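Text of coords25.cif, listed as mmCIF, C-alpha atoms:
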```cif
data_final
loop_
_atom_site.label_atom_id
_atom_site.label_comp_id
_atom_site.auth_asym_id
_atom_site.auth_seq_id
_atom_site.Cartn_x
_atom_site.Cartn_y
_atom_site.Cartn_z
CA MET A 1 -21.97 4.38 23.80
CA ASN A 2 -18.43 3.16 24.41
CA LEU A 3 -15.72 5.64 23.46
CA GLN A 4 -12.84 3.87 25.23
CA GLY A 5 -9.56 4.66 23.49
CA LYS A 6 -10.84 7.87 21.89
CA LYS A 7 -9.05 11.13 22.63
CA VAL A 8 -10.85 14.46 22.15
CA ALA A 9 -9.52 18.01 22.18
CA VAL A 10 -11.96 20.49 23.73
CA LEU A 11 -10.75 23.97 22.83
CA VAL A 12 -10.61 26.60 25.57
CA GLU A 13 -10.11 30.34 25.57
CA GLN A 14 -11.41 33.15 27.73
CA LYS A 15 -15.16 33.78 27.92
CA TYR A 16 -16.26 30.36 26.67
CA GLU A 17 -19.95 29.47 27.14
CA ASP A 18 -19.98 27.27 30.25
CA LEU A 19 -22.44 24.57 29.20
CA GLU A 20 -21.03 24.32 25.68
CA LEU A 21 -17.68 23.25 27.09
CA TRP A 22 -18.63 21.25 30.16
CA TYR A 23 -21.67 19.31 28.92
CA PRO A 24 -19.86 17.64 25.98
CA ALA A 25 -16.69 17.17 28.05
CA VAL A 26 -18.53 15.36 30.85
CA ARG A 27 -20.64 13.24 28.46
CA LEU A 28 -17.51 12.22 26.55
CA GLN A 29 -15.75 11.25 29.78
CA GLU A 30 -18.79 9.24 30.89
CA ALA A 31 -18.55 7.30 27.62
CA GLY A 32 -14.87 6.54 28.26
CA ALA A 33 -13.17 9.10 26.02
CA GLU A 34 -10.08 10.95 27.17
CA VAL A 35 -10.88 14.68 27.15
CA VAL A 36 -7.98 17.10 26.79
CA LEU A 37 -8.61 20.80 27.37
CA VAL A 38 -6.47 22.64 24.81
CA GLY A 39 -5.83 26.36 25.10
CA PRO A 40 -3.22 28.98 24.28
CA LYS A 41 -1.03 27.88 27.20
CA ALA A 42 -0.84 24.60 29.14
CA GLY A 43 -1.77 24.76 32.82
CA GLU A 44 -3.46 28.16 32.50
CA THR A 45 -6.92 28.87 33.82
CA TYR A 46 -9.42 30.53 31.49
CA PRO A 47 -12.67 32.02 32.83
CA SER A 48 -16.01 31.38 31.18
CA LYS A 49 -18.62 34.00 30.37
CA HIS A 50 -20.03 33.34 33.83
CA GLY A 51 -16.69 33.07 35.63
CA TYR A 52 -16.35 29.28 35.85
CA PRO A 53 -12.69 28.35 35.38
CA ALA A 54 -11.26 25.79 32.95
CA LYS A 55 -7.62 24.80 33.40
CA THR A 56 -5.94 23.62 30.21
CA ASP A 57 -4.10 20.32 29.93
CA LYS A 58 -2.17 21.21 26.77
CA SER A 59 -1.14 24.22 24.74
CA VAL A 60 -2.39 24.38 21.17
CA LEU A 61 1.25 25.09 20.29
CA ASP A 62 2.20 21.58 21.46
CA VAL A 63 -0.49 19.45 19.76
CA THR A 64 -1.50 18.42 16.25
CA ALA A 65 -4.58 16.89 14.67
CA ALA A 66 -2.80 13.52 14.76
CA ASP A 67 -2.96 13.61 18.58
CA PHE A 68 -6.79 13.45 18.64
CA ASP A 69 -9.75 11.53 17.29
CA GLY A 70 -11.98 14.62 17.30
CA VAL A 71 -12.33 18.27 18.33
CA VAL A 72 -15.05 20.22 20.15
CA VAL A 73 -15.27 24.00 19.74
CA PRO A 74 -17.49 25.61 22.39
CA GLY A 75 -19.11 28.96 21.76
CA GLY A 76 -19.36 32.09 23.81
CA PHE A 77 -16.80 34.75 23.00
CA SER A 78 -13.88 32.29 23.12
CA PRO A 79 -13.90 31.43 19.38
CA ASP A 80 -13.20 35.08 18.58
CA HIS A 81 -10.06 34.81 20.72
CA MET A 82 -9.11 31.33 19.45
CA ARG A 83 -9.21 32.24 15.79
CA ARG A 84 -6.54 34.88 16.33
CA GLU A 85 -4.01 32.07 16.93
CA PRO A 86 -2.95 30.29 13.71
CA LYS A 87 -2.34 26.99 15.55
CA PHE A 88 -6.01 26.79 16.61
CA ARG A 89 -7.08 27.30 13.00
CA GLU A 90 -4.52 24.73 11.83
CA LEU A 91 -5.72 22.12 14.35
CA VAL A 92 -9.33 22.54 13.20
CA ARG A 93 -8.48 22.56 9.48
CA GLU A 94 -6.19 19.52 9.67
CA SER A 95 -8.75 17.59 11.72
CA VAL A 96 -11.49 18.23 9.15
CA GLU A 97 -9.13 17.39 6.27
CA ALA A 98 -8.29 14.08 8.02
CA GLY A 99 -12.00 13.26 8.29
CA LYS A 100 -12.03 13.54 12.08
CA PRO A 101 -15.24 14.88 13.62
CA VAL A 102 -15.08 18.57 14.50
CA ALA A 103 -18.09 19.86 16.42
CA ALA A 104 -18.76 23.59 16.85
CA ILE A 105 -21.73 25.12 18.63
CA CYS A 106 -23.21 28.62 18.88
CA HIS A 107 -20.34 31.02 18.03
CA GLY A 108 -17.92 28.07 17.72
CA PRO A 109 -18.40 27.99 13.93
CA TRP A 110 -16.38 31.21 13.78
CA MET A 111 -13.42 28.84 14.10
CA LEU A 112 -14.69 26.87 11.11
CA CYS A 113 -14.91 30.12 9.11
CA SER A 114 -11.36 31.09 10.02
CA ALA A 115 -10.05 27.57 9.39
CA LYS A 116 -11.62 27.76 5.91
CA VAL A 117 -13.49 24.43 6.17
CA LEU A 118 -17.06 25.53 5.40
CA GLN A 119 -16.93 25.95 1.62
CA GLY A 120 -19.81 23.94 0.12
CA ARG A 121 -21.01 22.53 3.46
CA ARG A 122 -24.39 22.78 5.17
CA ALA A 123 -24.00 24.17 8.67
CA THR A 124 -25.74 26.09 11.44
CA SER A 125 -24.77 28.41 14.29
CA PHE A 126 -26.10 31.14 16.52
CA PHE A 127 -28.13 33.31 14.14
CA SER A 128 -25.91 36.40 14.49
CA ILE A 129 -22.95 34.77 12.71
CA ARG A 130 -25.03 33.46 9.79
CA GLU A 131 -23.53 36.00 7.37
CA ASP A 132 -19.99 35.12 8.48
CA MET A 133 -20.70 31.46 7.73
CA GLU A 134 -22.31 32.23 4.38
CA ASN A 135 -19.35 34.45 3.48
CA ALA A 136 -17.11 31.47 4.33
CA GLY A 137 -19.03 29.39 1.79
CA ALA A 138 -21.52 27.52 3.97
CA GLU A 139 -25.18 26.93 3.22
CA TRP A 140 -26.58 28.13 6.57
CA VAL A 141 -29.69 26.34 7.88
CA ASP A 142 -31.73 26.80 11.06
CA GLU A 143 -31.63 23.29 12.53
CA ALA A 144 -30.69 21.93 15.97
CA VAL A 145 -27.75 19.97 14.62
CA VAL A 146 -26.24 19.68 11.16
CA VAL A 147 -23.77 16.96 10.18
CA ASP A 148 -21.93 17.48 6.90
CA GLY A 149 -19.05 15.05 6.61
CA PRO A 150 -16.80 15.51 9.63
CA VAL A 151 -18.26 18.95 10.44
CA ILE A 152 -20.97 19.02 13.12
CA THR A 153 -22.67 22.30 14.05
CA SER A 154 -25.43 23.47 16.39
CA ARG A 155 -27.09 26.76 17.31
CA THR A 156 -27.32 27.29 21.09
CA PRO A 157 -27.05 25.55 24.47
CA ALA A 158 -30.64 24.36 23.93
CA ASP A 159 -29.20 22.06 21.22
CA LEU A 160 -26.51 20.47 23.41
CA VAL A 161 -28.15 17.04 23.63
CA PRO A 162 -28.46 16.40 19.86
CA PHE A 163 -25.11 18.16 19.29
CA THR A 164 -23.28 15.93 21.74
CA VAL A 165 -25.03 12.76 20.55
CA ALA A 166 -24.14 13.53 16.92
CA PHE A 167 -20.49 14.14 17.86
CA MET A 168 -20.32 10.95 19.93
CA LYS A 169 -21.82 8.89 17.09
CA ALA A 170 -19.31 10.36 14.62
CA LEU A 171 -16.48 9.70 17.05
CA ALA A 172 -17.59 6.09 17.53
CA GLY A 173 -17.53 5.61 13.76
#
```

In C-alpha coordinates, what does this structure look like?
Amino acid sequence: MNLQGKKVAVLVEQKYEDLELWYPAVRLQEAGAEVVLVGPKAGETYPSKHGYPAKTDKSVLDVTAADFDGVVVPGGFSPDHMRREPKFRELVRESVEAGKPVAAICHGPWMLCSAKVLQGRRATSFFSIREDMENAGAEWVDEAVVVDGPVITSRTPADLVPFTVAFMKALAG
(Lines of atoms letter the chains of each structure in order from A and count residues from 1; the text may use other names and numbers.)
(Lines give C-alpha, C1' and ligand atoms only; values in the text may rest on other atoms or scores of the structure.)
Protein backbone atom coordinates (compact mmCIF):
# COMPACT_ATOMS: atom_id res chain seq x y z
CA MET A 1 0.00 0.00 0.00
CA ASN A 2 1.40 3.37 -1.02
CA LEU A 3 0.85 6.14 1.53
CA GLN A 4 3.28 8.65 0.01
CA GLY A 5 2.20 12.19 0.84
CA LYS A 6 0.15 11.17 3.88
CA LYS A 7 0.99 12.66 7.26
CA VAL A 8 -0.08 10.89 10.46
CA ALA A 9 -0.03 12.06 14.07
CA VAL A 10 0.81 9.28 16.52
CA LEU A 11 -0.06 10.53 19.99
CA VAL A 12 2.45 10.02 22.79
CA GLU A 13 2.28 10.39 26.55
CA GLN A 14 3.93 8.58 29.43
CA LYS A 15 3.31 4.86 29.89
CA TYR A 16 2.11 4.14 26.35
CA GLU A 17 1.88 0.47 25.32
CA ASP A 18 5.07 -0.13 23.32
CA LEU A 19 3.74 -2.23 20.45
CA GLU A 20 0.61 -0.12 20.05
CA LEU A 21 2.74 2.91 19.22
CA TRP A 22 5.69 1.41 17.37
CA TYR A 23 4.00 -1.25 15.22
CA PRO A 24 1.61 1.18 13.46
CA ALA A 25 4.31 3.87 13.27
CA VAL A 26 6.80 1.56 11.55
CA ARG A 27 4.19 0.05 9.19
CA LEU A 28 3.03 3.54 8.20
CA GLN A 29 6.61 4.63 7.52
CA GLU A 30 7.23 1.49 5.44
CA ALA A 31 4.22 2.46 3.31
CA GLY A 32 5.64 5.95 2.76
CA ALA A 33 3.62 8.00 5.25
CA GLU A 34 5.23 10.72 7.32
CA VAL A 35 4.78 9.82 10.99
CA VAL A 36 4.85 12.66 13.52
CA LEU A 37 5.02 11.79 17.22
CA VAL A 38 2.83 14.35 18.99
CA GLY A 39 2.98 14.80 22.75
CA PRO A 40 2.52 17.44 25.43
CA LYS A 41 5.90 19.01 24.62
CA ALA A 42 8.06 18.90 21.48
CA GLY A 43 11.45 17.24 21.83
CA GLU A 44 10.55 15.54 25.12
CA THR A 45 11.09 11.86 25.75
CA TYR A 46 8.20 9.84 27.14
CA PRO A 47 8.74 6.34 28.56
CA SER A 48 6.49 3.43 27.67
CA LYS A 49 4.99 0.95 30.11
CA HIS A 50 8.12 -1.11 29.59
CA GLY A 51 10.58 1.79 29.60
CA TYR A 52 11.14 2.20 25.84
CA PRO A 53 11.48 5.92 25.06
CA ALA A 54 9.58 7.90 22.42
CA LYS A 55 10.83 11.39 21.63
CA THR A 56 8.14 13.73 20.33
CA ASP A 57 8.48 15.69 17.12
CA LYS A 58 5.72 18.20 17.89
CA SER A 59 3.73 19.53 20.81
CA VAL A 60 -0.02 19.04 20.69
CA LEU A 61 -0.20 22.75 21.51
CA ASP A 62 1.39 23.56 18.12
CA VAL A 63 -0.66 21.35 15.77
CA THR A 64 -4.22 21.11 14.48
CA ALA A 65 -6.28 18.47 12.71
CA ALA A 66 -5.59 20.31 9.44
CA ASP A 67 -1.90 19.37 9.76
CA PHE A 68 -2.60 15.61 9.42
CA ASP A 69 -4.39 13.06 7.29
CA GLY A 70 -5.05 10.77 10.27
CA VAL A 71 -4.37 10.10 13.95
CA VAL A 72 -3.29 7.00 15.89
CA VAL A 73 -4.01 6.75 19.62
CA PRO A 74 -1.98 3.98 21.29
CA GLY A 75 -3.16 2.42 24.51
CA GLY A 76 -1.44 1.64 27.75
CA PHE A 77 -1.90 4.23 30.47
CA SER A 78 -1.01 7.14 28.16
CA PRO A 79 -4.61 7.92 27.07
CA ASP A 80 -5.51 8.65 30.68
CA HIS A 81 -2.76 11.28 30.70
CA MET A 82 -3.56 12.59 27.20
CA ARG A 83 -7.22 13.22 27.86
CA ARG A 84 -6.34 15.63 30.66
CA GLU A 85 -5.04 18.08 28.01
CA PRO A 86 -7.84 19.83 26.09
CA LYS A 87 -5.69 20.16 22.94
CA PHE A 88 -5.38 16.36 22.64
CA ARG A 89 -9.16 16.04 22.86
CA GLU A 90 -9.60 18.86 20.35
CA LEU A 91 -7.20 17.25 17.85
CA VAL A 92 -9.08 13.95 18.02
CA ARG A 93 -12.54 15.54 17.85
CA GLU A 94 -11.68 17.84 14.94
CA SER A 95 -10.06 14.98 13.02
CA VAL A 96 -13.16 12.81 13.38
CA GLU A 97 -15.44 15.73 12.46
CA ALA A 98 -13.33 16.31 9.32
CA GLY A 99 -13.76 12.64 8.34
CA LYS A 100 -10.08 11.83 8.85
CA PRO A 101 -9.33 8.33 10.14
CA VAL A 102 -8.69 8.19 13.89
CA ALA A 103 -7.52 4.81 15.15
CA ALA A 104 -7.51 3.94 18.86
CA ILE A 105 -6.48 0.62 20.37
CA CYS A 106 -6.79 -0.99 23.80
CA HIS A 107 -7.20 1.91 26.28
CA GLY A 108 -6.80 4.44 23.42
CA PRO A 109 -10.59 4.75 23.08
CA TRP A 110 -10.56 6.65 26.38
CA MET A 111 -9.48 9.56 24.18
CA LEU A 112 -12.52 8.99 21.96
CA CYS A 113 -14.74 9.08 25.06
CA SER A 114 -13.21 12.34 26.26
CA ALA A 115 -13.31 13.86 22.76
CA LYS A 116 -17.04 13.03 22.66
CA VAL A 117 -16.93 11.26 19.27
CA LEU A 118 -18.48 7.89 20.16
CA GLN A 119 -22.18 8.78 20.34
CA GLY A 120 -24.08 6.34 18.11
CA ARG A 121 -20.97 4.52 16.86
CA ARG A 122 -20.00 0.86 17.06
CA ALA A 123 -16.59 0.47 18.68
CA THR A 124 -14.38 -1.85 20.69
CA SER A 125 -11.56 -1.57 23.23
CA PHE A 126 -9.85 -3.42 26.03
CA PHE A 127 -12.74 -4.98 27.95
CA SER A 128 -12.18 -2.99 31.16
CA ILE A 129 -13.20 0.32 29.55
CA ARG A 130 -16.37 -1.07 27.97
CA GLU A 131 -18.61 0.81 30.41
CA ASP A 132 -16.75 4.08 29.77
CA MET A 133 -17.37 3.66 26.05
CA GLU A 134 -21.02 2.75 26.53
CA ASN A 135 -21.46 5.76 28.82
CA ALA A 136 -19.96 7.87 26.00
CA GLY A 137 -22.69 6.58 23.68
CA ALA A 138 -20.92 3.75 21.84
CA GLU A 139 -22.35 0.36 21.03
CA TRP A 140 -19.46 -1.74 22.37
CA VAL A 141 -18.68 -5.00 20.54
CA ASP A 142 -16.02 -7.66 21.10
CA GLU A 143 -14.31 -7.75 17.69
CA ALA A 144 -10.67 -7.50 16.60
CA VAL A 145 -11.25 -4.27 14.70
CA VAL A 146 -14.30 -2.08 14.26
CA VAL A 147 -14.56 0.62 11.60
CA ASP A 148 -17.43 3.08 12.00
CA GLY A 149 -16.95 6.04 9.70
CA PRO A 150 -13.58 7.61 10.44
CA VAL A 151 -13.34 5.90 13.86
CA ILE A 152 -11.28 2.69 13.97
CA THR A 153 -10.94 0.73 17.22
CA SER A 154 -9.29 -2.48 18.41
CA ARG A 155 -8.97 -4.40 21.66
CA THR A 156 -5.37 -5.43 22.42
CA PRO A 157 -1.89 -5.80 20.92
CA ALA A 158 -3.05 -9.16 19.52
CA ASP A 159 -5.25 -7.12 17.13
CA LEU A 160 -2.45 -4.89 15.81
CA VAL A 161 -2.32 -6.42 12.33
CA PRO A 162 -6.02 -5.93 11.43
CA PHE A 163 -6.03 -2.60 13.31
CA THR A 164 -3.10 -1.23 11.32
CA VAL A 165 -4.39 -2.60 8.01
CA ALA A 166 -7.81 -1.01 8.59
CA PHE A 167 -6.19 2.34 9.43
CA MET A 168 -3.91 2.19 6.38
CA LYS A 169 -6.85 1.38 4.08
CA ALA A 170 -8.85 4.29 5.51
CA LEU A 171 -5.86 6.59 5.13
CA ALA A 172 -5.36 5.51 1.51
CA GLY A 173 -8.99 6.36 0.80

Using only C-alpha atoms, which of A:Val141, A:Phe167, A:Asn135, A:Ala65 sits nearest Arg27 in chain A?
->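 Looking only at the distances to Arg27 in chain A, the closest residue turns out to be A:Phe167.
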
Close residues, Glu20 in chain A itself excluded, 10 Å, all atoms listed in the file, min 6 positions apart in chain, as a VMD selection string = chain A and resid 72 to 76 104 to 106 108 156 to 160 163 to 164

Edge lengths and centre in Å to one decimal, as JSON, is what I'm after for the box along x, y and z that holds all listed atoms of range 25-31 of chain A once 5 Å is added on each side.
```
{"center_x": -18.2, "center_y": 12.2, "center_z": 28.7, "size_x": 14.9, "size_y": 19.9, "size_z": 14.3}
```

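Across the model, the gap from CA of Met133 in chain A to CA of Trp110 in chain A is 7.4 Å.
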
CA of Lys169 in chain A and CA of Leu91 in chain A are how many Å apart?
->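 Between CA of Lys169 in chain A and CA of Leu91 in chain A the gap works out to 21.0 Å.
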
Reference answer for the PyMOL selection byres ((chain A and resi 136-138) around 6), as a list in words | Cys113, Leu118, Gln119, Gly120, Arg121, Arg122, Met133, Glu134, Asn135, Glu139 and Trp140 of chain A

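The set of residues that the PyMOL selection byres ((chain A and resi 146) around 10) takes from this file is Ala103, Arg121, Arg122, Ala123, Thr124, Ser125, Trp140, Val141, Asp142, Glu143, Ala144, Val145, Val147, Asp148, Gly149, Val151, Ile152, Thr153, Ser154, Arg155, Pro162, Phe163 and Ala166 of chain A.
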
Apply the PyMOL selection byres ((chain A and resi 60) around 9) to the displayed file and report the matching residues as a short mmCIF file (atom, residue, chain, number, x, y, z; two decimals) with C-alpha atoms, keeping the file's coordinate frame.
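That gives us part.cif:
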```cif
data_model
loop_
_atom_site.label_atom_id
_atom_site.label_comp_id
_atom_site.auth_asym_id
_atom_site.auth_seq_id
_atom_site.Cartn_x
_atom_site.Cartn_y
_atom_site.Cartn_z
CA LEU A 11 -10.75 23.97 22.83
CA VAL A 38 -6.47 22.64 24.81
CA GLY A 39 -5.83 26.36 25.10
CA PRO A 40 -3.22 28.98 24.28
CA LYS A 41 -1.03 27.88 27.20
CA ALA A 42 -0.84 24.60 29.14
CA LYS A 58 -2.17 21.21 26.77
CA SER A 59 -1.14 24.22 24.74
CA LEU A 61 1.25 25.09 20.29
CA ASP A 62 2.20 21.58 21.46
CA VAL A 63 -0.49 19.45 19.76
CA THR A 64 -1.50 18.42 16.25
CA GLU A 85 -4.01 32.07 16.93
CA LYS A 87 -2.34 26.99 15.55
CA PHE A 88 -6.01 26.79 16.61
CA LEU A 91 -5.72 22.12 14.35
#
```

Between CA of Lys7 in chain A and CA of Pro53 in chain A - distance in Å to one decimal |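 CA of Pro53 in chain A sits 21.7 Å away from CA of Lys7 in chain A.
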
Residue nearest Pro47 in chain A among A:Leu21, A:Ala33, A:Ala66, A:Gln14 (counting all atoms listed in the file) = A:Gln14

Since fewer atoms than expected are present, regenerate N, CA and C atoms for range 62-84 of chain A and write them as a PDB file, in the coordinates of the input.
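What landed in rebuild36.pdb:
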```pdb
ATOM      1  N   ASP A  62       1.521  22.855  21.236  1.00  0.00           N
ATOM      2  CA  ASP A  62       2.200  21.580  21.460  1.00  0.00           C
ATOM      3  C   ASP A  62       1.420  20.367  20.961  1.00  0.00           C
ATOM      4  N   VAL A  63       0.317  20.574  20.235  1.00  0.00           N
ATOM      5  CA  VAL A  63      -0.490  19.450  19.760  1.00  0.00           C
ATOM      6  C   VAL A  63      -0.718  19.567  18.254  1.00  0.00           C
ATOM      7  N   THR A  64      -1.131  18.449  17.665  1.00  0.00           N
ATOM      8  CA  THR A  64      -1.500  18.420  16.250  1.00  0.00           C
ATOM      9  C   THR A  64      -2.788  17.620  16.106  1.00  0.00           C
ATOM     10  N   ALA A  65      -3.369  17.667  14.944  1.00  0.00           N
ATOM     11  CA  ALA A  65      -4.580  16.890  14.670  1.00  0.00           C
ATOM     12  C   ALA A  65      -4.337  15.403  14.867  1.00  0.00           C
ATOM     13  N   ALA A  66      -3.130  14.941  14.610  1.00  0.00           N
ATOM     14  CA  ALA A  66      -2.800  13.520  14.760  1.00  0.00           C
ATOM     15  C   ALA A  66      -2.910  13.048  16.216  1.00  0.00           C
ATOM     16  N   ASP A  67      -2.882  13.968  17.164  1.00  0.00           N
ATOM     17  CA  ASP A  67      -2.960  13.610  18.580  1.00  0.00           C
ATOM     18  C   ASP A  67      -4.377  13.269  19.026  1.00  0.00           C
ATOM     19  N   PHE A  68      -5.395  13.575  18.205  1.00  0.00           N
ATOM     20  CA  PHE A  68      -6.790  13.450  18.640  1.00  0.00           C
ATOM     21  C   PHE A  68      -7.645  12.720  17.624  1.00  0.00           C
ATOM     22  N   ASP A  69      -8.752  12.181  18.134  1.00  0.00           N
ATOM     23  CA  ASP A  69      -9.750  11.530  17.290  1.00  0.00           C
ATOM     24  C   ASP A  69     -10.865  12.493  16.902  1.00  0.00           C
ATOM     25  N   GLY A  70     -10.951  13.639  17.582  1.00  0.00           N
ATOM     26  CA  GLY A  70     -11.980  14.620  17.300  1.00  0.00           C
ATOM     27  C   GLY A  70     -11.736  15.893  18.088  1.00  0.00           C
ATOM     28  N   VAL A  71     -12.492  16.944  17.723  1.00  0.00           N
ATOM     29  CA  VAL A  71     -12.330  18.270  18.330  1.00  0.00           C
ATOM     30  C   VAL A  71     -13.703  18.860  18.613  1.00  0.00           C
ATOM     31  N   VAL A  72     -13.837  19.484  19.793  1.00  0.00           N
ATOM     32  CA  VAL A  72     -15.050  20.220  20.150  1.00  0.00           C
ATOM     33  C   VAL A  72     -14.679  21.693  20.304  1.00  0.00           C
ATOM     34  N   VAL A  73     -15.475  22.555  19.649  1.00  0.00           N
ATOM     35  CA  VAL A  73     -15.270  24.000  19.740  1.00  0.00           C
ATOM     36  C   VAL A  73     -16.489  24.622  20.413  1.00  0.00           C
ATOM     37  N   PRO A  74     -16.380  24.946  21.714  1.00  0.00           N
ATOM     38  CA  PRO A  74     -17.490  25.610  22.390  1.00  0.00           C
ATOM     39  C   PRO A  74     -17.674  27.038  21.884  1.00  0.00           C
ATOM     40  N   GLY A  75     -18.829  27.586  22.161  1.00  0.00           N
ATOM     41  CA  GLY A  75     -19.110  28.960  21.760  1.00  0.00           C
ATOM     42  C   GLY A  75     -18.802  29.950  22.856  1.00  0.00           C
ATOM     43  N   GLY A  76     -19.647  30.943  22.951  1.00  0.00           N
ATOM     44  CA  GLY A  76     -19.360  32.090  23.810  1.00  0.00           C
ATOM     45  C   GLY A  76     -18.506  33.049  23.006  1.00  0.00           C
ATOM     46  N   PHE A  77     -17.687  33.813  23.694  1.00  0.00           N
ATOM     47  CA  PHE A  77     -16.800  34.750  23.000  1.00  0.00           C
ATOM     48  C   PHE A  77     -15.431  34.129  22.735  1.00  0.00           C
ATOM     49  N   SER A  78     -15.195  32.924  23.260  1.00  0.00           N
ATOM     50  CA  SER A  78     -13.880  32.290  23.120  1.00  0.00           C
ATOM     51  C   SER A  78     -13.455  32.048  21.674  1.00  0.00           C
ATOM     52  N   PRO A  79     -14.364  31.658  20.757  1.00  0.00           N
ATOM     53  CA  PRO A  79     -13.900  31.430  19.380  1.00  0.00           C
ATOM     54  C   PRO A  79     -13.295  32.674  18.735  1.00  0.00           C
ATOM     55  N   ASP A  80     -13.777  33.854  19.126  1.00  0.00           N
ATOM     56  CA  ASP A  80     -13.200  35.080  18.580  1.00  0.00           C
ATOM     57  C   ASP A  80     -11.754  35.238  19.034  1.00  0.00           C
ATOM     58  N   HIS A  81     -11.448  34.769  20.234  1.00  0.00           N
ATOM     59  CA  HIS A  81     -10.060  34.810  20.720  1.00  0.00           C
ATOM     60  C   HIS A  81      -9.246  33.681  20.104  1.00  0.00           C
ATOM     61  N   MET A  82      -9.824  32.489  20.005  1.00  0.00           N
ATOM     62  CA  MET A  82      -9.110  31.330  19.450  1.00  0.00           C
ATOM     63  C   MET A  82      -8.642  31.581  18.027  1.00  0.00           C
ATOM     64  N   ARG A  83      -9.526  32.131  17.222  1.00  0.00           N
ATOM     65  CA  ARG A  83      -9.210  32.240  15.790  1.00  0.00           C
ATOM     66  C   ARG A  83      -8.109  33.232  15.495  1.00  0.00           C
ATOM     67  N   ARG A  84      -7.666  33.962  16.501  1.00  0.00           N
ATOM     68  CA  ARG A  84      -6.540  34.880  16.330  1.00  0.00           C
ATOM     69  C   ARG A  84      -5.204  34.133  16.339  1.00  0.00           C
TER      70      ARG A  84
END
```
